[in-house]
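Participant: Once you've had a glance at the structure underneath, I'll fire off some questions.
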Amino acid sequence: MWFVYVIGSSILWALMGLIYRKGALDMKTNEKYVPFKFSIAAGVVCVPIVAIYLLIREEDFSIWESFVRFYPFTLYSFFNVAVCTLSFVGNMYNEASVESPLENLDGFGLVLLSLAFVFFGKAESVWEVLTPRIIVGLVSITVGFLLLAAIREKEAQLAQSGKKKHFWQAGAGALIVPLVYAFMEAGETVVTGLAVDKTYGYELPEGDAIIIFGSVYVLLTVVMWLFLLFKEKRPYNPFAKGRRLMLLASTCDNIGIVLYYFAMAINSVVTDGSLAAYPVLTMILGHIFLKEKLSWKQYVCLALVIAGAVLIGLEMA
């Protein structure tokens with residue numbers, strides 16, 4: 001089942017990146033508070049997911065046993081929603097082929113997670129978790145991502161020569177948000193791995209993790225909706241025509257998160273490393289459906305990413 005969860009998450013998140021980008025392209029150029037509107041769509045989708053898990057849970061849900069007992073996961077969920085909202089700025093100004101890889105510079109989070117397992121006495125040494133094959137795979141993935149970022153940055157500068165662009169579109173500015181998101185995701189890897197991993201973590205039930213994160217997202221969605229009501233002087237309708245792509249992307253995102261939690265419960269280190277390959281699919285789909293162009297140098301970087309993902313997959317097998 002682990003393989004099914006990882007493949008499912010990879011496909012859904014690749015589609016998510018593609019659809020979010022298409023939704024951003026369809027937005028009016030002068031529209032304000034777009035990241036909040038993207039995030040509200042994600043919160044709306046969380047409502048039925050949380051409701052389903054509350055209904056299928058075998059025993060009554062206990063706030064004490066979940067929200068309070070696993071308070072680091074609860075608190076980080078608030079932070080994670082804020083970071084996710086920030087990440088939508090990148091979808092507005094970066095191609096899906098750029099945004100997806102930069103947001104997923106996996107390797108940082110896995111090293112931190114391994115150190116956390118050792119610190120909390122869940123593993124005797126880092127090498128118990130990070131095997132040589134996984135390390136080589138992570139290095140290959142990380143180098144591929146970093147080279148890809150450098151190439152895209154150089155190509156963007158050449159393309160923008162003589163043109164005045166918005167800060168987020170120009171040079172390094174376009175990389176800031178996804179890079180910040182990548183580092184914040186490293187923290188999410190540590191918190192989620194410690195919470196749900198059944199081998200090295202504290203065994204928070206996957207369904208409870210989904211309920212906690214989804215509930216936090218719904219709560220902050222209400223706050224964002226009220227903010228838009230105050231700023232725009234009219235209620236924001238996430239179901240309006242022209243907003244449905246956001247809901248579709250958010251559906252892919254949240255179902256991917258559900259599968260991600262189940263995979264993390266089985267093996268958090270290998271799961272996060274294996275999911276690092278899904279931006280490859282995003283780039284391919286972006287090239288096909290959004291006509292985003294890839295150079296031969298970018299394909300070399302993709303080869304490094306794929307090689308790293310294969311190594312990690314072989315270790316899992």
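The chains in the structure tokens are called A, B, ... from first to last as shown; in each chain the residues are counted from 1, and the ligands are counted from 1 in the order shown.
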Do you have, as CSV, the list of residues of region 80-150 of chain A lying at most 10 Å from region 196-203 of chain A, each with its nearest atom pair and that distance in Å to one decimal, counting only C-alpha atoms and ordered by chain then number?

Facilitator:
```
residue,atom,partner,partner_atom,distance
A:Ser114,CA,A:Tyr200,CA,9.5
A:Ala116,CA,A:Gly201,CA,9.7
A:Phe117,CA,A:Tyr200,CA,6.5
A:Val118,CA,A:Tyr200,CA,9.2
A:Phe120,CA,A:Gly201,CA,9.2
A:Gly121,CA,A:Tyr200,CA,8.8
A:Lys122,CA,A:Tyr200,CA,5.1
A:Ala123,CA,A:Tyr200,CA,6.6
A:Val129,CA,A:Tyr200,CA,9.2
```

Participant: Suppose we keep all heavy atoms; can you now write the selection as a compact mmCIF listing (two decimals), in the first residue's frame?

Facilitator:
```txt
# COMPACT_ATOMS: atom_id res chain seq x y z
N SER A 114 15.72 12.91 10.48
CA SER A 114 16.59 11.86 11.02
C SER A 114 17.26 12.31 12.32
O SER A 114 17.35 11.56 13.29
CB SER A 114 17.66 11.49 9.98
OG SER A 114 17.07 11.04 8.79
N ALA A 116 16.05 14.51 14.33
CA ALA A 116 14.99 14.58 15.34
C ALA A 116 14.71 13.20 15.93
O ALA A 116 14.49 13.06 17.14
CB ALA A 116 13.72 15.17 14.74
N PHE A 117 14.68 12.16 15.10
CA PHE A 117 14.47 10.80 15.59
C PHE A 117 15.55 10.41 16.60
O PHE A 117 15.26 9.79 17.63
CB PHE A 117 14.48 9.80 14.42
CG PHE A 117 13.22 9.80 13.60
CD1 PHE A 117 13.26 9.51 12.25
CD2 PHE A 117 11.99 10.10 14.17
CE1 PHE A 117 12.10 9.49 11.48
CE2 PHE A 117 10.82 10.09 13.41
CZ PHE A 117 10.88 9.79 12.06
N VAL A 118 16.78 10.78 16.30
CA VAL A 118 17.89 10.47 17.22
C VAL A 118 17.76 11.29 18.50
O VAL A 118 17.92 10.77 19.61
CB VAL A 118 19.24 10.74 16.52
CG1 VAL A 118 20.39 10.55 17.51
CG2 VAL A 118 19.42 9.83 15.32
N PHE A 120 15.16 12.54 19.99
CA PHE A 120 14.06 12.10 20.84
C PHE A 120 14.17 10.62 21.23
O PHE A 120 13.24 10.06 21.80
CB PHE A 120 12.72 12.36 20.16
CG PHE A 120 12.32 13.82 20.12
CD1 PHE A 120 12.52 14.57 18.98
CD2 PHE A 120 11.78 14.44 21.24
CE1 PHE A 120 12.18 15.91 18.93
CE2 PHE A 120 11.43 15.77 21.21
CZ PHE A 120 11.63 16.52 20.05
N GLY A 121 15.28 10.00 20.91
CA GLY A 121 15.50 8.62 21.31
C GLY A 121 14.71 7.60 20.53
O GLY A 121 14.56 6.45 20.97
N LYS A 122 14.21 7.97 19.36
CA LYS A 122 13.43 7.05 18.55
C LYS A 122 14.31 6.20 17.62
O LYS A 122 13.87 5.19 17.09
CB LYS A 122 12.40 7.82 17.71
CG LYS A 122 11.37 8.56 18.55
CD LYS A 122 10.49 7.59 19.31
CE LYS A 122 9.42 8.30 20.12
NZ LYS A 122 8.53 7.35 20.81
N ALA A 123 15.53 6.64 17.41
CA ALA A 123 16.50 5.88 16.62
C ALA A 123 17.86 6.02 17.28
O ALA A 123 18.16 7.04 17.90
CB ALA A 123 16.54 6.38 15.18
N VAL A 129 18.49 5.42 9.96
CA VAL A 129 17.38 5.93 9.15
C VAL A 129 17.84 6.25 7.73
O VAL A 129 17.22 5.87 6.75
CB VAL A 129 16.76 7.19 9.80
CG1 VAL A 129 15.57 7.68 9.00
CG2 VAL A 129 16.36 6.89 11.24
```

Participant: Need to verify the contact set: Tyr71 (chain A), 12 Å, only C-alpha atoms, exclusion of same-chain residues closer than 6 positions in sequence. Can you return it as a PyMOL selection string?

Facilitator: chain A and resi 63-65+77-78+191-192+194-195+204+209+212-213

Participant: May I ask for the distance between CA of Tyr93 (chain A) and CA of Glu155 (chain A), given in Å to one decimal place?

Facilitator: 15.1 Å

Participant: Counting only C-alpha atoms, what is within 10 Å of Leu220 (chain A), bar same-chain residues fewer than 3 positions away, as a VMD selection string?

Facilitator: chain A and resid 39 to 40 43 78 81 to 82 214 to 217 223 to 226

Participant: Excluding Trp13 (chain A) and its own-chain neighbours fewer than 3 positions away, which residues fall within 7 Å of it when counting only C-alpha atoms? Please give them as number ranges by chain.

Facilitator: A: 9-10, 16-17, 252-253, 256

Participant: Take the residues from that selection and put them in a file with N, CA and C atoms, as a PDB file, in the first residue's frame.

Facilitator:
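In the end it all went to result08.pdb:
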```pdb
ATOM      1  N   SER A   9      -0.240  10.269  -4.352  1.00  0.00           N
ATOM      2  CA  SER A   9       0.112  11.633  -3.956  1.00  0.00           C
ATOM      3  C   SER A   9       0.884  12.346  -5.059  1.00  0.00           C
ATOM      4  N   SER A  10       1.824  11.633  -5.677  1.00  0.00           N
ATOM      5  CA  SER A  10       2.654  12.233  -6.722  1.00  0.00           C
ATOM      6  C   SER A  10       1.801  12.710  -7.895  1.00  0.00           C
ATOM      7  N   MET A  16      -2.177  19.142  -9.280  1.00  0.00           N
ATOM      8  CA  MET A  16      -2.439  20.331  -8.479  1.00  0.00           C
ATOM      9  C   MET A  16      -1.610  21.516  -8.971  1.00  0.00           C
ATOM     10  N   GLY A  17      -0.281  21.288  -9.142  1.00  0.00           N
ATOM     11  CA  GLY A  17       0.587  22.372  -9.584  1.00  0.00           C
ATOM     12  C   GLY A  17       0.190  22.912 -10.936  1.00  0.00           C
ATOM     13  N   CYS A 252      -7.354  18.057  -5.570  1.00  0.00           N
ATOM     14  CA  CYS A 252      -6.165  17.230  -5.829  1.00  0.00           C
ATOM     15  C   CYS A 252      -5.161  17.366  -4.692  1.00  0.00           C
ATOM     16  N   ASP A 253      -4.949  18.587  -4.234  1.00  0.00           N
ATOM     17  CA  ASP A 253      -3.992  18.856  -3.156  1.00  0.00           C
ATOM     18  C   ASP A 253      -4.369  18.122  -1.876  1.00  0.00           C
ATOM     19  N   GLY A 256      -4.261  14.364  -2.022  1.00  0.00           N
ATOM     20  CA  GLY A 256      -2.845  14.016  -1.990  1.00  0.00           C
ATOM     21  C   GLY A 256      -2.293  14.059  -0.576  1.00  0.00           C
TER      22      GLY A 256
END
```

Participant: Find the spatial neighbours of Leu112 (chain A), counting only C-alpha atoms, within a cut-off of 8 Å - ignore same-chain residues fewer than 4 positions away - and output them as a VMD selection string.

Facilitator: chain A and resid 108 116 186 to 187 190

Participant: Using only C-alpha atoms for the distances, tell me which of A:Leu55, A:Leu179, A:Leu229, A:Val44 is nearest to Phe145 (chain A).

Facilitator: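 Looking only at the distances to Phe145 (chain A), the closest residue turns out to be A:Leu179.
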
Participant: Can you work out which one of A:Ser62, A:Phe67, A:Ile7, A:Leu290 has the shortest atom-to-atom distance to Ile19 (chain A), counting only C-alpha atoms?

Facilitator: A:Leu290

Participant: I need the residue nearest Gln298 (chain A) from this list: A:Ala249, A:Val98, A:Val177, A:Leu113. Use only C-alpha atoms for the distance.

Facilitator: A:Val98

Participant: Can you tell me how far CA of Ser274 (chain A) sits from CA of Ala24 (chain A), in Å to one decimal?

Facilitator: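 We find that CA of Ser274 (chain A) and CA of Ala24 (chain A) lie 27.7 Å from each other.
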
Participant: I'd like to know which residues of region 222-271 of chain A are helix (DSSP H, G or I) (by DSSP, run on the backbone); could you write them as number ranges by chain?

Facilitator: A: 222-232, 244-266, 268-271

Participant: Applying 12 Å and only C-alpha atoms, which residues near Phe239 (chain A) remain after dropping the ones on its own chain fewer than 4 positions away? List them as a ChimeraX atom specification.

Facilitator: /A:37-38,40-42,44-45,235,243-248

Participant: Could you check which of A:Gly193, A:Val218, A:Tyr261, A:Arg234 is closest to Ala51 (chain A), using only C-alpha atoms?

Facilitator: A:Val218

Participant: Which residue gives the smallest distance to Ala14 (chain A) among A:Leu275, A:Ile306, A:Leu147, A:Leu130, with only C-alpha atoms counted?

Facilitator: A:Leu275
